[in-house]
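The next block holds one structure in the form of structure tokens; read it before the comments.
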Amino acid sequence: MDETRAWACFVSNVLVLPGLGSLLAGRRSGWLQAALALLGFALTVVWLGWFVSAWSSTGGFPLDGGPYLPAGVLGVLLFGLSWVWGLVTGLRLVREAGRAAKSQAKAPAVDTPRRPA
């Protein structure tokens, strides 16, 4: 993989969806990263939906966090875990691509002898 593609995978992992860049790089771990990120997002949205609903129905800020607070916290933790995992995977991809580029630059050029016509 060249450095440009490795950087694109890194950015996809960090800014779009954790695991997406890993999948684009051919890493199977991307499936689990993406699943964790989407599950974490869904759990957080469930809590946020309850929170907004409670806030609008009571007219006041629900201080206790509600019954879905543990799900919301778990969601944030799962998403954070998948994001850090995607960050580490993306950095490894960039480092591996940089090493591959350096080793190609250091390799001596091979001259193929020309055949007489």
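Here's how to read the names in the structure tokens: chain A, B, ... by the order shown, residue numbers from 1 in each chain, ligand numbers from 1 in the order shown.
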Subject >> Neighbour list for Pro70 (chain A) as a list of chain:residue names, cut-off 12 Å, only C-alpha atoms, skip fewer than 5 positions in-chain >> reply: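 Residues meeting the cut-off are A:Gly40, A:Leu43, A:Thr44, A:Val46, A:Trp47, A:Leu48, A:Asp64, A:Gly65, A:Gly75, A:Val76, A:Leu77.
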Export of the given selection (N, CA and C atoms) as an mmCIF file, in the first residue's frame:
data_model
loop_
_atom_site.group_PDB
_atom_site.id
_atom_site.type_symbol
_atom_site.label_atom_id
_atom_site.label_comp_id
_atom_site.auth_asym_id
_atom_site.auth_seq_id
_atom_site.Cartn_x
_atom_site.Cartn_y
_atom_site.Cartn_z
ATOM 1 N N GLY A 40 -22.026 1.567 19.761
ATOM 2 C CA GLY A 40 -21.843 2.664 20.712
ATOM 3 C C GLY A 40 -22.665 3.882 20.336
ATOM 4 N N LEU A 43 -26.418 3.123 21.129
ATOM 5 C CA LEU A 43 -26.715 3.202 22.561
ATOM 6 C C LEU A 43 -26.741 4.650 23.050
ATOM 7 N N THR A 44 -25.834 5.443 22.543
ATOM 8 C CA THR A 44 -25.795 6.853 22.937
ATOM 9 C C THR A 44 -27.029 7.593 22.436
ATOM 10 N N VAL A 46 -29.972 6.286 21.897
ATOM 11 C CA VAL A 46 -31.123 5.857 22.709
ATOM 12 C C VAL A 46 -31.202 6.713 23.970
ATOM 13 N N TRP A 47 -30.074 6.850 24.661
ATOM 14 C CA TRP A 47 -30.082 7.682 25.870
ATOM 15 C C TRP A 47 -30.401 9.139 25.543
ATOM 16 N N LEU A 48 -29.806 9.653 24.489
ATOM 17 C CA LEU A 48 -30.036 11.042 24.117
ATOM 18 C C LEU A 48 -31.502 11.287 23.767
ATOM 19 N N ASP A 64 -30.986 13.389 37.090
ATOM 20 C CA ASP A 64 -30.567 12.030 37.428
ATOM 21 C C ASP A 64 -30.013 11.258 36.236
ATOM 22 N N GLY A 65 -30.190 11.736 35.041
ATOM 23 C CA GLY A 65 -29.679 11.048 33.852
ATOM 24 C C GLY A 65 -30.630 10.029 33.290
ATOM 25 N N GLY A 75 -22.337 3.290 25.588
ATOM 26 C CA GLY A 75 -22.230 3.661 24.177
ATOM 27 C C GLY A 75 -21.050 4.575 23.906
ATOM 28 N N VAL A 76 -20.876 5.566 24.766
ATOM 29 C CA VAL A 76 -19.739 6.483 24.600
ATOM 30 C C VAL A 76 -18.423 5.730 24.764
ATOM 31 N N LEU A 77 -18.361 4.826 25.742
ATOM 32 C CA LEU A 77 -17.142 4.047 25.953
ATOM 33 C C LEU A 77 -16.838 3.121 24.769
#
Original post:
So, counting only C-alpha atoms, which residue among A:Gly59, A:Gly49, A:Gly86, A:Gly26 is closest to Arg5 (chain A)?
Top reply: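 Residue with the minimum atom-to-atom distance to Arg5 (chain A): A:Gly26.
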Original post:
Counting only C-alpha atoms, which of A:Ser57, A:Thr4, A:Asn13, A:Ser22 gets nearest to Val84 (chain A)?
Top reply: A:Asn13
Original post:
Of the candidates A:Met1, A:Val52, A:Leu17, A:Ala6, which shows the shortest atom-to-atom distance to Gly30 (chain A), using only C-alpha atoms?
Top reply: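 When distances to Gly30 (chain A) are compared using only C-alpha atoms, the smallest one comes from A:Leu17.
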**OP:** Run DSSP on the backbone and grab whatever in chain A lands in alpha helix (DSSP H); send it over as a ChimeraX atom specification.
**Re:** /A:3-11,20-24,29-58,69-106
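Minimum atom-to-atom distances from A:Pro67, A:Pro62, A:Gly90, A:Pro116 to Cys9 (chain A) were compared using only C-alpha atoms, and the lowest value belongs to A:Gly90.
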